[in-house]
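**Student:** Below you'll find work39.cif; it's mmCIF, N, CA and C atoms.
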```
data_final
loop_
_atom_site.label_atom_id
_atom_site.label_comp_id
_atom_site.auth_asym_id
_atom_site.auth_seq_id
_atom_site.Cartn_x
_atom_site.Cartn_y
_atom_site.Cartn_z
N VAL A 1 1.48 8.76 18.16
CA VAL A 1 1.16 7.58 18.95
C VAL A 1 0.24 7.95 20.09
N ALA A 2 0.48 9.09 20.73
CA ALA A 2 -0.37 9.51 21.85
C ALA A 2 -1.80 9.75 21.40
N LEU A 3 -1.95 10.35 20.22
CA LEU A 3 -3.29 10.63 19.69
C LEU A 3 -4.04 9.33 19.40
N VAL A 4 -3.33 8.34 18.90
CA VAL A 4 -3.95 7.05 18.60
C VAL A 4 -4.47 6.42 19.89
N ALA A 5 -3.70 6.56 20.98
CA ALA A 5 -4.12 6.00 22.26
C ALA A 5 -5.31 6.76 22.86
N LEU A 6 -5.38 8.05 22.61
CA LEU A 6 -6.45 8.87 23.20
C LEU A 6 -7.78 8.76 22.47
N VAL A 7 -7.74 8.61 21.15
CA VAL A 7 -8.96 8.61 20.34
C VAL A 7 -9.48 7.18 20.20
N PRO A 8 -10.76 6.95 20.47
CA PRO A 8 -11.32 5.60 20.33
C PRO A 8 -11.14 5.05 18.91
N ARG A 9 -10.88 3.76 18.82
CA ARG A 9 -10.66 3.10 17.53
C ARG A 9 -11.86 3.28 16.60
N SER A 10 -13.05 3.28 17.15
CA SER A 10 -14.24 3.44 16.30
C SER A 10 -14.24 4.79 15.58
N LEU A 11 -13.68 5.81 16.20
CA LEU A 11 -13.62 7.13 15.57
C LEU A 11 -12.63 7.14 14.41
N TRP A 12 -11.53 6.40 14.55
CA TRP A 12 -10.54 6.33 13.46
C TRP A 12 -11.14 5.68 12.22
N ARG A 13 -12.13 4.84 12.39
CA ARG A 13 -12.75 4.16 11.25
C ARG A 13 -13.72 5.07 10.49
N GLU A 14 -14.02 6.23 11.07
CA GLU A 14 -14.92 7.19 10.43
C GLU A 14 -14.14 8.05 9.45
N ARG A 15 -14.56 8.03 8.20
CA ARG A 15 -13.85 8.79 7.17
C ARG A 15 -13.79 10.28 7.49
N TRP A 16 -14.90 10.85 7.97
CA TRP A 16 -14.95 12.28 8.25
C TRP A 16 -13.90 12.68 9.28
N PHE A 17 -13.65 11.81 10.26
CA PHE A 17 -12.67 12.12 11.30
C PHE A 17 -11.25 12.10 10.75
N SER A 18 -10.91 11.00 10.08
CA SER A 18 -9.55 10.88 9.52
C SER A 18 -9.28 11.96 8.49
N GLU A 19 -10.25 12.23 7.63
CA GLU A 19 -10.08 13.26 6.61
C GLU A 19 -9.96 14.65 7.24
N GLY A 20 -10.75 14.93 8.25
CA GLY A 20 -10.67 16.21 8.94
C GLY A 20 -9.34 16.40 9.64
N LEU A 21 -8.84 15.34 10.25
CA LEU A 21 -7.53 15.40 10.91
C LEU A 21 -6.42 15.64 9.89
N ALA A 22 -6.54 15.00 8.74
CA ALA A 22 -5.53 15.19 7.68
C ALA A 22 -5.53 16.64 7.20
N TRP A 23 -6.71 17.20 6.96
CA TRP A 23 -6.79 18.59 6.50
C TRP A 23 -6.28 19.55 7.58
N PHE A 24 -6.60 19.26 8.83
CA PHE A 24 -6.14 20.10 9.94
C PHE A 24 -4.62 20.10 10.04
N SER A 25 -4.00 18.95 9.86
CA SER A 25 -2.55 18.84 10.04
C SER A 25 -1.75 19.22 8.80
N LEU A 26 -2.39 19.35 7.66
CA LEU A 26 -1.69 19.64 6.41
C LEU A 26 -0.78 20.87 6.50
N PRO A 27 -1.24 22.03 6.97
CA PRO A 27 -0.33 23.18 7.05
C PRO A 27 0.86 22.94 7.97
N LEU A 28 0.64 22.24 9.07
CA LEU A 28 1.73 21.95 10.00
C LEU A 28 2.78 21.05 9.34
N VAL A 29 2.33 20.06 8.62
CA VAL A 29 3.24 19.15 7.92
C VAL A 29 4.01 19.89 6.84
N TRP A 30 3.32 20.74 6.09
CA TRP A 30 3.95 21.48 5.00
C TRP A 30 5.08 22.37 5.54
N VAL A 31 4.81 23.11 6.61
CA VAL A 31 5.82 24.00 7.19
C VAL A 31 6.99 23.18 7.74
N THR A 32 6.70 22.11 8.43
CA THR A 32 7.76 21.27 8.99
C THR A 32 8.64 20.69 7.88
N ASP A 33 8.02 20.21 6.81
CA ASP A 33 8.78 19.64 5.70
C ASP A 33 9.75 20.65 5.09
N LYS A 34 9.37 21.91 5.07
CA LYS A 34 10.24 22.95 4.50
C LYS A 34 11.52 23.11 5.31
N PHE A 35 11.46 22.83 6.61
CA PHE A 35 12.63 23.01 7.48
C PHE A 35 13.46 21.74 7.66
N VAL A 36 12.81 20.59 7.70
CA VAL A 36 13.53 19.35 8.02
C VAL A 36 13.51 18.32 6.90
N ASN A 37 13.03 18.70 5.75
CA ASN A 37 12.87 17.82 4.60
C ASN A 37 11.69 16.88 4.81
N GLU A 38 11.28 16.29 3.75
CA GLU A 38 10.07 15.48 3.72
C GLU A 38 10.41 14.01 3.93
N THR A 39 9.80 13.38 4.91
CA THR A 39 9.87 11.94 5.09
C THR A 39 8.50 11.48 5.57
N HIS A 40 7.99 10.45 4.97
CA HIS A 40 6.66 9.96 5.33
C HIS A 40 6.73 8.47 5.65
N ALA A 41 5.85 8.03 6.51
CA ALA A 41 5.76 6.61 6.84
C ALA A 41 4.30 6.22 6.88
N ILE A 42 4.07 4.96 6.56
CA ILE A 42 2.72 4.42 6.65
C ILE A 42 2.80 3.09 7.39
N ARG A 43 1.86 2.89 8.28
CA ARG A 43 1.77 1.63 9.02
C ARG A 43 0.40 1.04 8.71
N VAL A 44 0.40 -0.20 8.28
CA VAL A 44 -0.84 -0.89 7.95
C VAL A 44 -0.91 -2.14 8.80
N GLU A 45 -2.03 -2.32 9.48
CA GLU A 45 -2.25 -3.53 10.28
C GLU A 45 -3.52 -4.20 9.78
N ALA A 46 -3.40 -5.47 9.46
CA ALA A 46 -4.56 -6.22 8.97
C ALA A 46 -4.75 -7.46 9.84
N THR A 47 -5.99 -7.78 10.13
CA THR A 47 -6.31 -8.96 10.92
C THR A 47 -7.14 -9.91 10.07
N ALA A 48 -6.67 -11.15 9.94
CA ALA A 48 -7.39 -12.16 9.17
C ALA A 48 -8.58 -12.69 9.98
N SER A 49 -9.49 -13.36 9.31
CA SER A 49 -10.68 -13.88 9.98
C SER A 49 -10.33 -14.92 11.05
N ASP A 50 -9.15 -15.56 10.93
CA ASP A 50 -8.75 -16.54 11.95
C ASP A 50 -7.94 -15.92 13.08
N GLY A 51 -7.79 -14.59 13.08
CA GLY A 51 -7.11 -13.90 14.18
C GLY A 51 -5.65 -13.56 13.93
N ARG A 52 -5.06 -14.09 12.86
CA ARG A 52 -3.66 -13.74 12.56
C ARG A 52 -3.58 -12.28 12.15
N LYS A 53 -2.44 -11.65 12.46
CA LYS A 53 -2.26 -10.25 12.11
C LYS A 53 -1.00 -10.06 11.28
N CYS A 54 -1.04 -9.06 10.43
CA CYS A 54 0.11 -8.67 9.64
C CYS A 54 0.29 -7.17 9.84
N VAL A 55 1.51 -6.75 10.18
CA VAL A 55 1.81 -5.35 10.37
C VAL A 55 2.92 -4.97 9.40
N ALA A 56 2.70 -3.92 8.63
CA ALA A 56 3.70 -3.45 7.68
C ALA A 56 3.95 -1.97 7.90
N VAL A 57 5.24 -1.59 7.87
CA VAL A 57 5.64 -0.19 8.00
C VAL A 57 6.62 0.12 6.88
N GLN A 58 6.34 1.18 6.14
CA GLN A 58 7.25 1.63 5.09
C GLN A 58 7.50 3.12 5.27
N THR A 59 8.78 3.51 5.19
CA THR A 59 9.17 4.91 5.28
C THR A 59 9.77 5.33 3.95
N HIS A 60 9.39 6.50 3.49
CA HIS A 60 9.84 6.97 2.17
C HIS A 60 10.21 8.44 2.26
N ARG A 61 11.20 8.85 1.45
CA ARG A 61 11.66 10.24 1.45
C ARG A 61 10.63 11.21 0.88
N SER A 62 9.79 10.75 -0.04
CA SER A 62 8.85 11.67 -0.68
C SER A 62 7.48 11.01 -0.84
N PHE A 63 6.47 11.61 -0.25
CA PHE A 63 5.13 11.07 -0.34
C PHE A 63 4.65 11.04 -1.79
N ARG A 64 4.86 12.14 -2.51
CA ARG A 64 4.39 12.22 -3.90
C ARG A 64 5.06 11.16 -4.76
N GLN A 65 6.36 11.02 -4.59
CA GLN A 65 7.10 10.03 -5.39
C GLN A 65 6.66 8.62 -5.03
N CYS A 66 6.43 8.36 -3.76
CA CYS A 66 6.01 7.02 -3.32
C CYS A 66 4.64 6.66 -3.88
N VAL A 67 3.71 7.62 -3.84
CA VAL A 67 2.36 7.36 -4.37
C VAL A 67 2.43 7.10 -5.87
N ALA A 68 3.19 7.94 -6.59
CA ALA A 68 3.30 7.76 -8.04
C ALA A 68 3.97 6.43 -8.38
N GLN A 69 5.05 6.10 -7.66
CA GLN A 69 5.75 4.85 -7.93
C GLN A 69 4.88 3.65 -7.60
N SER A 70 4.13 3.73 -6.50
CA SER A 70 3.24 2.62 -6.13
C SER A 70 2.16 2.41 -7.18
N ALA A 71 1.59 3.50 -7.67
CA ALA A 71 0.57 3.39 -8.73
C ALA A 71 1.18 2.73 -9.97
N ALA A 72 2.40 3.13 -10.31
CA ALA A 72 3.07 2.54 -11.48
C ALA A 72 3.36 1.06 -11.24
N GLU A 73 3.81 0.70 -10.05
CA GLU A 73 4.11 -0.71 -9.76
C GLU A 73 2.85 -1.57 -9.82
N PHE A 74 1.74 -1.07 -9.30
CA PHE A 74 0.48 -1.82 -9.38
C PHE A 74 0.05 -1.99 -10.83
N THR A 75 0.21 -0.95 -11.62
CA THR A 75 -0.14 -1.03 -13.04
C THR A 75 0.74 -2.04 -13.75
N LEU A 76 2.04 -1.99 -13.49
CA LEU A 76 2.95 -2.96 -14.11
C LEU A 76 2.60 -4.39 -13.68
N ALA A 77 2.30 -4.57 -12.41
CA ALA A 77 1.94 -5.91 -11.93
C ALA A 77 0.70 -6.42 -12.64
N LEU A 78 -0.27 -5.55 -12.84
CA LEU A 78 -1.49 -5.95 -13.55
C LEU A 78 -1.20 -6.26 -15.01
N LEU A 79 -0.41 -5.41 -15.66
CA LEU A 79 -0.09 -5.64 -17.06
C LEU A 79 0.72 -6.92 -17.26
N GLU A 80 1.58 -7.25 -16.31
CA GLU A 80 2.37 -8.48 -16.43
C GLU A 80 1.50 -9.72 -16.36
N ARG A 81 0.32 -9.62 -15.81
CA ARG A 81 -0.60 -10.76 -15.76
C ARG A 81 -1.32 -10.95 -17.08
N ARG A 82 -1.28 -9.95 -17.92
CA ARG A 82 -2.00 -10.04 -19.20
C ARG A 82 -1.18 -10.88 -20.17
N PRO A 83 -1.71 -12.01 -20.58
CA PRO A 83 -0.95 -12.87 -21.50
C PRO A 83 -0.85 -12.25 -22.90
N THR A 84 0.29 -12.47 -23.52
CA THR A 84 0.45 -12.06 -24.91
C THR A 84 0.28 -13.29 -25.78
N SER A 85 0.26 -13.10 -27.07
CA SER A 85 0.01 -14.22 -27.97
C SER A 85 1.15 -15.23 -27.95
N ASN A 86 2.36 -14.82 -27.58
CA ASN A 86 3.48 -15.77 -27.61
C ASN A 86 4.16 -15.93 -26.26
N SER A 87 3.46 -15.59 -25.16
CA SER A 87 4.06 -15.81 -23.84
C SER A 87 2.98 -16.17 -22.85
N SER A 88 3.40 -16.74 -21.75
CA SER A 88 2.45 -17.09 -20.70
C SER A 88 2.34 -15.92 -19.73
N VAL A 89 1.45 -16.06 -18.77
CA VAL A 89 1.21 -15.00 -17.80
C VAL A 89 2.43 -14.78 -16.91
N ASP A 90 3.06 -15.85 -16.45
CA ASP A 90 4.16 -15.70 -15.50
C ASP A 90 5.53 -16.05 -16.07
N GLY A 91 5.63 -16.29 -17.34
CA GLY A 91 6.92 -16.60 -17.95
C GLY A 91 7.35 -18.05 -17.83
N THR A 92 6.51 -18.89 -17.22
CA THR A 92 6.87 -20.30 -17.04
C THR A 92 6.11 -21.21 -17.99
N GLY A 93 5.25 -20.65 -18.80
CA GLY A 93 4.44 -21.46 -19.70
C GLY A 93 3.07 -21.76 -19.14
N ALA A 94 2.82 -21.31 -17.88
CA ALA A 94 1.52 -21.57 -17.26
C ALA A 94 0.48 -20.61 -17.78
N SER A 95 -0.75 -21.07 -17.88
CA SER A 95 -1.85 -20.20 -18.31
C SER A 95 -2.28 -19.32 -17.14
N ALA A 96 -3.10 -18.32 -17.44
CA ALA A 96 -3.59 -17.43 -16.40
C ALA A 96 -4.32 -18.21 -15.31
N ALA A 97 -5.10 -19.18 -15.69
CA ALA A 97 -5.84 -19.97 -14.70
C ALA A 97 -4.91 -20.79 -13.82
N GLU A 98 -3.79 -21.26 -14.40
CA GLU A 98 -2.84 -22.06 -13.63
C GLU A 98 -2.04 -21.22 -12.65
N VAL A 99 -1.82 -19.96 -12.96
CA VAL A 99 -1.02 -19.10 -12.09
C VAL A 99 -1.79 -18.74 -10.83
N GLY A 100 -3.06 -18.49 -10.91
CA GLY A 100 -3.84 -18.15 -9.73
C GLY A 100 -5.13 -17.46 -10.11
N ASN A 101 -5.93 -17.18 -9.09
CA ASN A 101 -7.25 -16.62 -9.37
C ASN A 101 -7.22 -15.14 -9.68
N SER A 102 -6.08 -14.46 -9.55
CA SER A 102 -6.01 -13.03 -9.82
C SER A 102 -5.32 -12.74 -11.15
N ALA A 103 -5.40 -13.67 -12.09
CA ALA A 103 -4.80 -13.43 -13.40
C ALA A 103 -5.51 -12.25 -14.04
N TRP A 104 -4.90 -11.69 -15.05
CA TRP A 104 -5.43 -10.48 -15.69
C TRP A 104 -6.83 -10.68 -16.22
N LYS A 105 -7.68 -9.73 -15.91
CA LYS A 105 -9.02 -9.66 -16.46
C LYS A 105 -9.30 -8.17 -16.66
N PRO A 106 -10.05 -7.80 -17.68
CA PRO A 106 -10.37 -6.39 -17.84
C PRO A 106 -11.22 -5.88 -16.68
N GLY A 107 -11.12 -4.61 -16.39
CA GLY A 107 -11.94 -4.02 -15.34
C GLY A 107 -11.14 -3.14 -14.41
N VAL A 108 -11.75 -2.77 -13.31
CA VAL A 108 -11.11 -1.93 -12.30
C VAL A 108 -10.58 -2.83 -11.20
N TRP A 109 -9.32 -2.60 -10.82
CA TRP A 109 -8.67 -3.42 -9.80
C TRP A 109 -8.26 -2.56 -8.62
N LEU A 110 -8.46 -3.05 -7.44
CA LEU A 110 -7.96 -2.41 -6.23
C LEU A 110 -6.62 -3.06 -5.89
N PRO A 111 -5.70 -2.31 -5.29
CA PRO A 111 -4.39 -2.90 -4.96
C PRO A 111 -4.49 -4.18 -4.13
N GLU A 112 -5.41 -4.21 -3.17
CA GLU A 112 -5.52 -5.40 -2.34
C GLU A 112 -5.98 -6.63 -3.13
N GLU A 113 -6.70 -6.41 -4.22
CA GLU A 113 -7.09 -7.54 -5.06
C GLU A 113 -5.88 -8.11 -5.80
N LEU A 114 -4.93 -7.26 -6.17
CA LEU A 114 -3.72 -7.75 -6.84
C LEU A 114 -2.86 -8.56 -5.88
N ALA A 115 -2.86 -8.19 -4.60
CA ALA A 115 -2.03 -8.89 -3.62
C ALA A 115 -2.76 -10.08 -3.01
N ASP A 116 -3.99 -10.33 -3.41
CA ASP A 116 -4.79 -11.40 -2.83
C ASP A 116 -4.30 -12.79 -3.25
N ASP A 117 -3.65 -12.87 -4.37
CA ASP A 117 -3.18 -14.15 -4.91
C ASP A 117 -1.74 -14.41 -4.45
N GLY A 118 -1.55 -15.49 -3.71
CA GLY A 118 -0.22 -15.82 -3.18
C GLY A 118 0.85 -16.01 -4.24
N ALA A 119 0.47 -16.37 -5.45
CA ALA A 119 1.46 -16.55 -6.52
C ALA A 119 2.07 -15.22 -6.95
N TRP A 120 1.32 -14.14 -6.83
CA TRP A 120 1.78 -12.82 -7.27
C TRP A 120 2.28 -11.95 -6.12
N ARG A 121 1.87 -12.25 -4.89
CA ARG A 121 2.15 -11.39 -3.75
C ARG A 121 3.63 -11.13 -3.48
N PRO A 122 4.51 -12.13 -3.44
CA PRO A 122 5.92 -11.86 -3.10
C PRO A 122 6.59 -10.84 -4.02
N GLU A 123 6.40 -10.98 -5.32
CA GLU A 123 7.03 -10.06 -6.26
C GLU A 123 6.45 -8.65 -6.13
N LEU A 124 5.14 -8.56 -5.94
CA LEU A 124 4.51 -7.25 -5.79
C LEU A 124 5.01 -6.56 -4.53
N LEU A 125 5.06 -7.27 -3.42
CA LEU A 125 5.56 -6.67 -2.18
C LEU A 125 7.02 -6.28 -2.29
N LYS A 126 7.81 -7.10 -2.97
CA LYS A 126 9.22 -6.76 -3.18
C LYS A 126 9.36 -5.46 -3.97
N ARG A 127 8.57 -5.33 -5.03
CA ARG A 127 8.63 -4.12 -5.85
C ARG A 127 8.20 -2.89 -5.06
N LEU A 128 7.11 -3.01 -4.30
CA LEU A 128 6.60 -1.87 -3.55
C LEU A 128 7.53 -1.46 -2.41
N SER A 129 8.23 -2.42 -1.83
CA SER A 129 9.10 -2.11 -0.70
C SER A 129 10.50 -1.68 -1.12
N SER A 130 10.78 -1.70 -2.41
CA SER A 130 12.12 -1.32 -2.86
C SER A 130 12.07 -0.17 -3.87
N THR A 131 10.99 0.62 -3.86
CA THR A 131 10.91 1.75 -4.77
C THR A 131 11.98 2.78 -4.39
N GLU A 132 12.45 3.50 -5.39
CA GLU A 132 13.48 4.50 -5.16
C GLU A 132 13.01 5.51 -4.11
N GLY A 133 13.84 5.77 -3.12
CA GLY A 133 13.49 6.69 -2.05
C GLY A 133 13.00 6.00 -0.80
N THR A 134 12.83 4.67 -0.84
CA THR A 134 12.40 3.95 0.35
C THR A 134 13.52 3.97 1.38
N VAL A 135 13.20 4.43 2.57
CA VAL A 135 14.18 4.48 3.66
C VAL A 135 14.19 3.14 4.40
N SER A 136 13.00 2.62 4.68
CA SER A 136 12.90 1.33 5.36
C SER A 136 11.55 0.70 5.06
N CYS A 137 11.51 -0.62 5.16
CA CYS A 137 10.26 -1.36 4.99
C CYS A 137 10.36 -2.63 5.81
N ASP A 138 9.34 -2.87 6.61
CA ASP A 138 9.33 -4.07 7.45
C ASP A 138 7.91 -4.63 7.48
N VAL A 139 7.80 -5.92 7.28
CA VAL A 139 6.51 -6.61 7.35
C VAL A 139 6.64 -7.76 8.33
N GLN A 140 5.72 -7.81 9.28
CA GLN A 140 5.73 -8.90 10.26
C GLN A 140 4.37 -9.56 10.30
N VAL A 141 4.38 -10.89 10.28
CA VAL A 141 3.14 -11.66 10.41
C VAL A 141 3.14 -12.19 11.83
N LEU A 142 2.10 -11.84 12.57
CA LEU A 142 2.00 -12.21 13.98
C LEU A 142 0.97 -13.31 14.15
N GLY A 143 1.15 -14.12 15.16
CA GLY A 143 0.16 -15.16 15.47
C GLY A 143 -1.10 -14.55 16.04
N ARG A 144 -1.93 -15.39 16.55
CA ARG A 144 -3.23 -14.95 17.09
C ARG A 144 -3.06 -14.22 18.38
#
```
Would you mind writing the structure in this file as structure tokens?
**Tutor:**
Amino acid sequence: VALVALVPRSLWRERWFSEGLAWFSLPLVWVTDKFVNETHAIRVEATASDGRKCVAVQTHRSFRQCVAQSAAEFTLALLERRPTSNSSVDGTGASAAEVGNSAWKPGVWLPEELADDGAWRPELLKRLSSTEGTVSCDVQVLGR
């Protein structure tokens, strides 16, 4: 927290800075994890164009397991949008177009694109926040 307050926000947005800091701290984190076990947390803050903010914090026992599980959950979420010949996209009989604009389409998907559709977002967030090994997860939507 102290480092975040000391370093200008514009520098945090520079990939070279964040990546360099990560490489610099890697040995320290590795040694510490060997003595006190591994626990990782991520905090994401997003600001909408109208000024609303969303802050999410998730803590997990294992970084590797969390990354792998998150990748699997995103893949499952994408595959569930793919209609089969005898089922609808969401299990209610609705077509892909009726469910929302992020229905399955071939191509490369970014995680934020999967969460962009309000019809799919609650289930995806529930899955990601309840992966095995999750210690805590909190999401708050703040006003302007």
**Student:** Just the residues within 8 Å of Asp138 of chain A, please, counting only C-alpha atoms, with nothing from its chain fewer than 2 positions along; format it as a ChimeraX atom specification.
**Tutor:** /A:56-58,136,140
**Student:** Closest to Ile42 of chain A among A:Trp120, A:Leu26, A:Arg81, A:His60, using all atoms listed in the file?
**Tutor:**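 Among the listed residues, A:His60 lies closest to Ile42 of chain A.
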**Student:** Using only N, CA and C atoms and a cutoff of 8 Å, can you tell me which residues are near (8.8, 3.7, 0.2) in the file's coordinates, and write them out as a compact mmCIF listing (two decimals) with N, CA and C atoms, in the frame of the given file?
**Tutor:**
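result_33.txt, written as the output of this step:
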```txt
# COMPACT_ATOMS: atom_id res chain seq x y z
N HIS A 40 7.99 10.45 4.97
CA HIS A 40 6.66 9.96 5.33
C HIS A 40 6.73 8.47 5.65
N ALA A 41 5.85 8.03 6.51
CA ALA A 41 5.76 6.61 6.84
C ALA A 41 4.30 6.22 6.88
N VAL A 57 5.24 -1.59 7.87
CA VAL A 57 5.64 -0.19 8.00
C VAL A 57 6.62 0.12 6.88
N GLN A 58 6.34 1.18 6.14
CA GLN A 58 7.25 1.63 5.09
C GLN A 58 7.50 3.12 5.27
N THR A 59 8.78 3.51 5.19
CA THR A 59 9.17 4.91 5.28
C THR A 59 9.77 5.33 3.95
N HIS A 60 9.39 6.50 3.49
CA HIS A 60 9.84 6.97 2.17
C HIS A 60 10.21 8.44 2.26
N ARG A 61 11.20 8.85 1.45
CA ARG A 61 11.66 10.24 1.45
C ARG A 61 10.63 11.21 0.88
N SER A 62 9.79 10.75 -0.04
CA SER A 62 8.85 11.67 -0.68
C SER A 62 7.48 11.01 -0.84
N GLN A 65 6.36 11.02 -4.59
CA GLN A 65 7.10 10.03 -5.39
C GLN A 65 6.66 8.62 -5.03
N CYS A 66 6.43 8.36 -3.76
CA CYS A 66 6.01 7.02 -3.32
C CYS A 66 4.64 6.66 -3.88
N VAL A 67 3.71 7.62 -3.84
CA VAL A 67 2.36 7.36 -4.37
C VAL A 67 2.43 7.10 -5.87
N LEU A 128 7.11 -3.01 -4.30
CA LEU A 128 6.60 -1.87 -3.55
C LEU A 128 7.53 -1.46 -2.41
N SER A 129 8.23 -2.42 -1.83
CA SER A 129 9.10 -2.11 -0.70
C SER A 129 10.50 -1.68 -1.12
N SER A 130 10.78 -1.70 -2.41
CA SER A 130 12.12 -1.32 -2.86
C SER A 130 12.07 -0.17 -3.87
N THR A 131 10.99 0.62 -3.86
CA THR A 131 10.91 1.75 -4.77
C THR A 131 11.98 2.78 -4.39
N GLU A 132 12.45 3.50 -5.39
CA GLU A 132 13.48 4.50 -5.16
C GLU A 132 13.01 5.51 -4.11
N GLY A 133 13.84 5.77 -3.12
CA GLY A 133 13.49 6.69 -2.05
C GLY A 133 13.00 6.00 -0.80
N THR A 134 12.83 4.67 -0.84
CA THR A 134 12.40 3.95 0.35
C THR A 134 13.52 3.97 1.38
N VAL A 135 13.20 4.43 2.57
CA VAL A 135 14.18 4.48 3.66
C VAL A 135 14.19 3.14 4.40
N SER A 136 13.00 2.62 4.68
CA SER A 136 12.90 1.33 5.36
C SER A 136 11.55 0.70 5.06
N CYS A 137 11.51 -0.62 5.16
CA CYS A 137 10.26 -1.36 4.99
C CYS A 137 10.36 -2.63 5.81
```
**Student:** Taking 3 positions as the minimum chain separation for residues in the same chain, which residues sit within 8 Å of Ala77 of chain A when counting only N, CA and C atoms? Answer as a list of chain:residue names.
**Tutor:**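 Non-adjacent residues within range: A:Ala71, A:Ala72, A:Glu73, A:Phe74, A:Glu80, A:Arg81, A:Arg82, A:Trp104, A:Leu114, A:Glu123, A:Leu124.
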**Student:** As an exercise, work out the distance from atom CA of Leu78 of chain A to atom CA of Lys126 of chain A in Å and give it to one decimal place.
**Tutor:** 14.9 Å
**Student:** If I take atom N of Val44 of chain A and atom N of Ser18 of chain A, how far is one from the other in Å, to one decimal?
**Tutor:**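 Pair atom N of Val44 of chain A / atom N of Ser18 of chain A returns 16.0 Å.
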**Student:** Once 5 Å is added on each side, what centre and edge lengths in Å to one decimal does the axis-aligned box around all listed atoms of segment 22-38 of chain A have, as JSON?
**Tutor:**
```
{"center_x": 3.4, "center_y": 19.0, "center_z": 6.9, "size_x": 30.3, "size_y": 20.0, "size_z": 16.3}
```
**Student:** Would you mind writing down, as a PyMOL selection string, each residue of chain A that DSSP on the backbone assigns to strand (DSSP E or B)?
**Tutor:** chain A and resi 40-47+53-60+134-142
**Student:** Would you work out the distance separating atom N of Asp117 of chain A from atom CA of Gly51 of chain A, expressed in Å to one decimal?
**Tutor:**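 Atom N of Asp117 of chain A sits 18.9 Å away from atom CA of Gly51 of chain A.
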**Student:** Can you pull out every residue within 8 Å of Gly143 of chain A, counting only N, CA and C atoms, but drop anything in the same chain fewer than 5 positions away, and send it as a ChimeraX atom specification?
**Tutor:** /A:50-54
**Student:** Using only C-alpha atoms, which residue out of A:Ser70, A:Thr39, A:Ser10, A:Thr75 lies closest to Arg127 of chain A?
**Tutor:**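 Selected residue with least distance to Arg127 of chain A: A:Ser70.
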